[in-house]
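To start, the structure under review is shown below, and the notes come after it.
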2 protein chains.
Amino acid sequence: MVVDGVTDEAVDRLFHALADATRRDILRRCVRGELSVSRLAAAYPMSFAAVQKHVTVLERAGLVTKQRHGREQLVRTDPDAVGRARQALDELESAWRARVDRMSGLLSDDGTGAGPGPGTGPRADPGPDATTNTKKGQDG
Amino acid sequence: MVVDGVTDEAVDRLFHALADATRRDILRRCVRGELSVSRLAAAYPMSFAAVQKHVTVLERAGLVTKQRHGREQLVRTDPDAVGRARQALDELESAWRARVDRMSGLLSDDGTGAGPGPGTGPRADPGPDATTNTKKGQDG
DNA sequence: TCCATCTACAACCATTTGGTTGTACGTTAG
DNA sequence: CTAACGTACAACCAAATGGTTGTAGATGGA
């Protein structure tokens, strides 16, 4: 399911990174890009290393960037990040509409069992994503 | 971080549910609400139980609903689901802007002691979400 | 130089996740 | 009633996640 150059795995990372309250809070704090990792870490009831891992998750998701400033590493939220997430949602939504629209079209065009009727078997193949989401490789 | 009746945990569940290509694909397929869980399961290279779990994750995130139809359980994507996700993104983004705007005024680095925003201030204590995201509860 | 700070990363642990199989139960068809 | 289908759920397992501590390498200042 690659729509606009954004791969499934990128969307996975994006939403996964957003699915944690601490990470979302880091995003909110780092808009100005003035917080180092250790200063950031001081704001949470967890170790420096834990916050470092959160920042890494955000970085790999493309939500923040790091910039060295002396011995500090300043974390900065990418302003376009929310845009990418929103785009992923838009793609989902448009896919829905496309699907609804297509089905409406089929029903009004053919009508000879082309609908969701069980007899035609809407699809026997695993589907678009099912074949590409082999991020785990569950063949064993 | 509760803004509009949507708790942090709800946002966690929402984004976590979206962070999986199989689940996103299920969402796309179930707009019409005509697919039972077993028919859905037939579309993926995994067991029925695995798909059942995915549907449960989506259901707990409020992204789909199930409706019994005879012995089948028809899965249907909630049309407002994307709206909720988008709202969560909007809240993130608006929090950014609010923070930038506020910092322009008082140049506080931690936000601690943010006087001019008692009701509007998103938070004042360092670990806002971190304290509330005790979904793990590592007290032992 | 020497020390304090910041960062990076490895090792380790408990819990969660995502998958499997097996079993039990309700519903429909014959 | 019995068989088949669809669902639900438990038990189990490998891998990922989120946390910890410890150690080592850069960097900046006295």
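Ligands are numbered from 1 in the order shown, chains are lettered A, B, ... in the order of the structure tokens, and residues start at 1 in each chain.
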
Write out, as CSV, each residue of chain C that has an atom at most 10 Å from chain B, together with the closest pair of atoms and their distance in Å to one decimal, counting only C-alpha atoms (C1' of nucleotides), rows going by chain and rising number.
residue,atom,partner,partner_atom,distance
C:DA14,C1',B:Gln138,CA,9.2
C:DT15,C1',B:Lys136,CA,7.9
C:DT16,C1',B:Lys136,CA,9.7
C:DG18,C1',B:Ala50,CA,7.5
C:DG19,C1',B:Ala50,CA,6.5
C:DT20,C1',B:Ser47,CA,7.8
C:DT21,C1',B:Ala49,CA,9.7
C:DG26,C1',B:Arg71,CA,7.5
C:DT27,C1',B:Arg71,CA,5.1
C:DT28,C1',B:Arg71,CA,7.5

Give me the chain D side of the contact with chain B, cut-off 10 Å, one line per residue showing its nearest atom pair and distance in Å at one decimal, counting only C-alpha atoms (C1' of nucleotides), sorted by chain and residue number, as a tab-separated table.
residue	atom	partner	partner_atom	distance
D:DC5	C1'	B:Arg71	CA	8.3
D:DG6	C1'	B:Glu72	CA	5.8
D:DT7	C1'	B:Glu72	CA	7.6
D:DA8	C1'	B:Gln52	CA	9.2
D:DC9	C1'	B:Ala49	CA	9.5
D:DG18	C1'	B:Lys136	CA	9.6
D:DG19	C1'	B:Gln138	CA	8.8

Go through chain A residue by residue and, counting only C-alpha atoms, keep those with an atom at most 6 Å from chain B; for each kept residue give the shortest atom pair and its distance in Å to one decimal, ordered by chain and increasing number, as a Markdown table.
| residue | atom | partner | partner_atom | distance |
| --- | --- | --- | --- | --- |
| A:Asp12 | CA | B:Ala19 | CA | 4.4 |
| A:Phe15 | CA | B:Ala19 | CA | 4.8 |
| A:His16 | CA | B:Ala19 | CA | 5.1 |
| A:Ala19 | CA | B:Asp12 | CA | 4.4 |
| A:Asp20 | CA | B:Asp12 | CA | 5.7 |
| A:Ala21 | CA | B:Asp129 | CA | 5.7 |
| A:Thr22 | CA | B:Ala130 | CA | 5.8 |
| A:Arg28 | CA | B:Trp96 | CA | 5.3 |
| A:Ala43 | CA | B:Pro126 | CA | 4.8 |
| A:Tyr44 | CA | B:Gly127 | CA | 5.0 |
| A:Trp96 | CA | B:Arg28 | CA | 5.3 |
| A:Pro126 | CA | B:Ala43 | CA | 4.5 |
| A:Ala130 | CA | B:Tyr44 | CA | 5.7 |

| task | Determine, counting only C-alpha atoms (C1' of nucleotides), which protein, DNA and RNA residues have an atom within 10 Å of an atom of C:DG22; residues of the same chain fewer than 2 positions away are not included. Present the result as a PyMOL selection string. | result | (chain C and resi 20+24) or (chain D and resi 10-11)

| In Å, with one decimal, what is the gap from atom C1' of C:DT23 to atom C1' of D:DC12? |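 Calculated distance between atom C1' of C:DT23 and atom C1' of D:DC12 is 13.9 Å.
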
12 Å contact set for C:DA11, only C-alpha atoms (C1' of nucleotides), chain neighbours under 5 positions out, as a PDB file with N, CA and C atoms (P, O5', C5', C4', C3', O3' and C1' of nucleotides), in the first residue's frame:
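Everything below was put into out-v3.pdb:
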ATOM      1  P    DT D  20      13.423   4.247  33.699  1.00  0.00           P
ATOM      2  O5'  DT D  20      14.458   3.117  34.126  1.00  0.00           O
ATOM      3  C5'  DT D  20      14.158   2.253  35.228  1.00  0.00           C
ATOM      4  C4'  DT D  20      15.213   1.160  35.343  1.00  0.00           C
ATOM      5  C3'  DT D  20      16.632   1.682  35.567  1.00  0.00           C
ATOM      6  O3'  DT D  20      16.892   1.759  36.961  1.00  0.00           O
ATOM      7  C1'  DT D  20      16.578  -0.046  33.881  1.00  0.00           C
ATOM      8  P    DT D  21      18.072   2.651  37.466  1.00  0.00           P
ATOM      9  O5'  DT D  21      19.353   1.813  37.012  1.00  0.00           O
ATOM     10  C5'  DT D  21      19.610   0.536  37.590  1.00  0.00           C
ATOM     11  C4'  DT D  21      20.834  -0.104  36.934  1.00  0.00           C
ATOM     12  C3'  DT D  21      22.136   0.690  37.158  1.00  0.00           C
ATOM     13  O3'  DT D  21      23.106  -0.148  37.768  1.00  0.00           O
ATOM     14  C1'  DT D  21      21.805   0.188  34.839  1.00  0.00           C
ATOM     15  P    DG D  22      24.444   0.456  38.285  1.00  0.00           P
ATOM     16  O5'  DG D  22      25.410   0.203  37.042  1.00  0.00           O
ATOM     17  C5'  DG D  22      25.425  -1.068  36.422  1.00  0.00           C
ATOM     18  C4'  DG D  22      26.335  -1.062  35.203  1.00  0.00           C
ATOM     19  C3'  DG D  22      27.602  -0.216  35.367  1.00  0.00           C
ATOM     20  O3'  DG D  22      28.730  -0.971  34.939  1.00  0.00           O
ATOM     21  C1'  DG D  22      26.429   0.409  33.402  1.00  0.00           C
ATOM     22  P    DT D  23      30.225  -0.410  35.203  1.00  0.00           P
ATOM     23  O5'  DT D  23      30.708  -0.044  33.728  1.00  0.00           O
ATOM     24  C5'  DT D  23      30.400  -0.937  32.667  1.00  0.00           C
ATOM     25  C4'  DT D  23      30.688  -0.285  31.329  1.00  0.00           C
ATOM     26  C3'  DT D  23      31.951   0.590  31.313  1.00  0.00           C
ATOM     27  O3'  DT D  23      32.711   0.279  30.160  1.00  0.00           O
ATOM     28  C1'  DT D  23      30.128   1.789  30.461  1.00  0.00           C
TER      29       DT D  23
END

| task | Find the residue from A:Glu91, A:Thr56, A:Thr7, A:Val64 that sits nearest to A:Arg76; use only C-alpha atoms when measuring. | result |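 The shortest atom-to-atom distance to A:Arg76 comes from A:Val64.
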
| Got a sec to tell me which of stretch 52-99 of chain B DSSP assigns to strand (DSSP E or B), as a list in words? |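 Assigned to strand (DSSP E or B), within stretch 52-99 of chain B: Val64, Thr65, Lys66, Gln67, Arg68, His69, Glu72, Gln73, Leu74, Val75, Arg76 and Thr77 of chain B.
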
For N, CA and C atoms, I'd like the residues from the last selection saved as a CSV table (one decimal), in the first residue's frame.
chain,number,residue,atom,x,y,z
B,64,VAL,N,-13.8,0.5,14.5
B,64,VAL,CA,-14.8,-0.3,13.9
B,64,VAL,C,-15.8,-0.7,14.9
B,65,THR,N,-17.0,-1.1,14.4
B,65,THR,CA,-18.0,-1.7,15.3
B,65,THR,C,-18.4,-3.1,14.7
B,66,LYS,N,-18.9,-3.9,15.6
B,66,LYS,CA,-19.3,-5.2,15.1
B,66,LYS,C,-20.8,-5.4,15.3
B,67,GLN,N,-21.4,-6.0,14.4
B,67,GLN,CA,-22.9,-6.2,14.5
B,67,GLN,C,-23.2,-7.6,14.1
B,68,ARG,N,-23.9,-8.3,15.0
B,68,ARG,CA,-24.3,-9.7,14.7
B,68,ARG,C,-25.3,-9.8,13.6
B,69,HIS,N,-25.1,-10.7,12.7
B,69,HIS,CA,-26.0,-10.9,11.7
B,69,HIS,C,-26.1,-12.4,11.5
B,72,GLU,N,-23.0,-14.7,11.9
B,72,GLU,CA,-21.8,-13.9,11.5
B,72,GLU,C,-21.7,-12.6,12.3
B,73,GLN,N,-20.5,-12.1,12.4
B,73,GLN,CA,-20.3,-10.8,13.0
B,73,GLN,C,-19.8,-9.9,12.0
B,74,LEU,N,-20.6,-9.0,11.6
B,74,LEU,CA,-20.2,-8.1,10.5
B,74,LEU,C,-19.4,-6.9,11.0
B,75,VAL,N,-18.2,-6.7,10.4
B,75,VAL,CA,-17.4,-5.6,10.9
B,75,VAL,C,-17.6,-4.4,10.0
B,76,ARG,N,-17.7,-3.2,10.7
B,76,ARG,CA,-17.9,-2.0,10.0
B,76,ARG,C,-17.0,-0.9,10.5
B,77,THR,N,-16.4,-0.2,9.6
B,77,THR,CA,-15.5,0.9,9.9
B,77,THR,C,-16.4,2.1,10.3
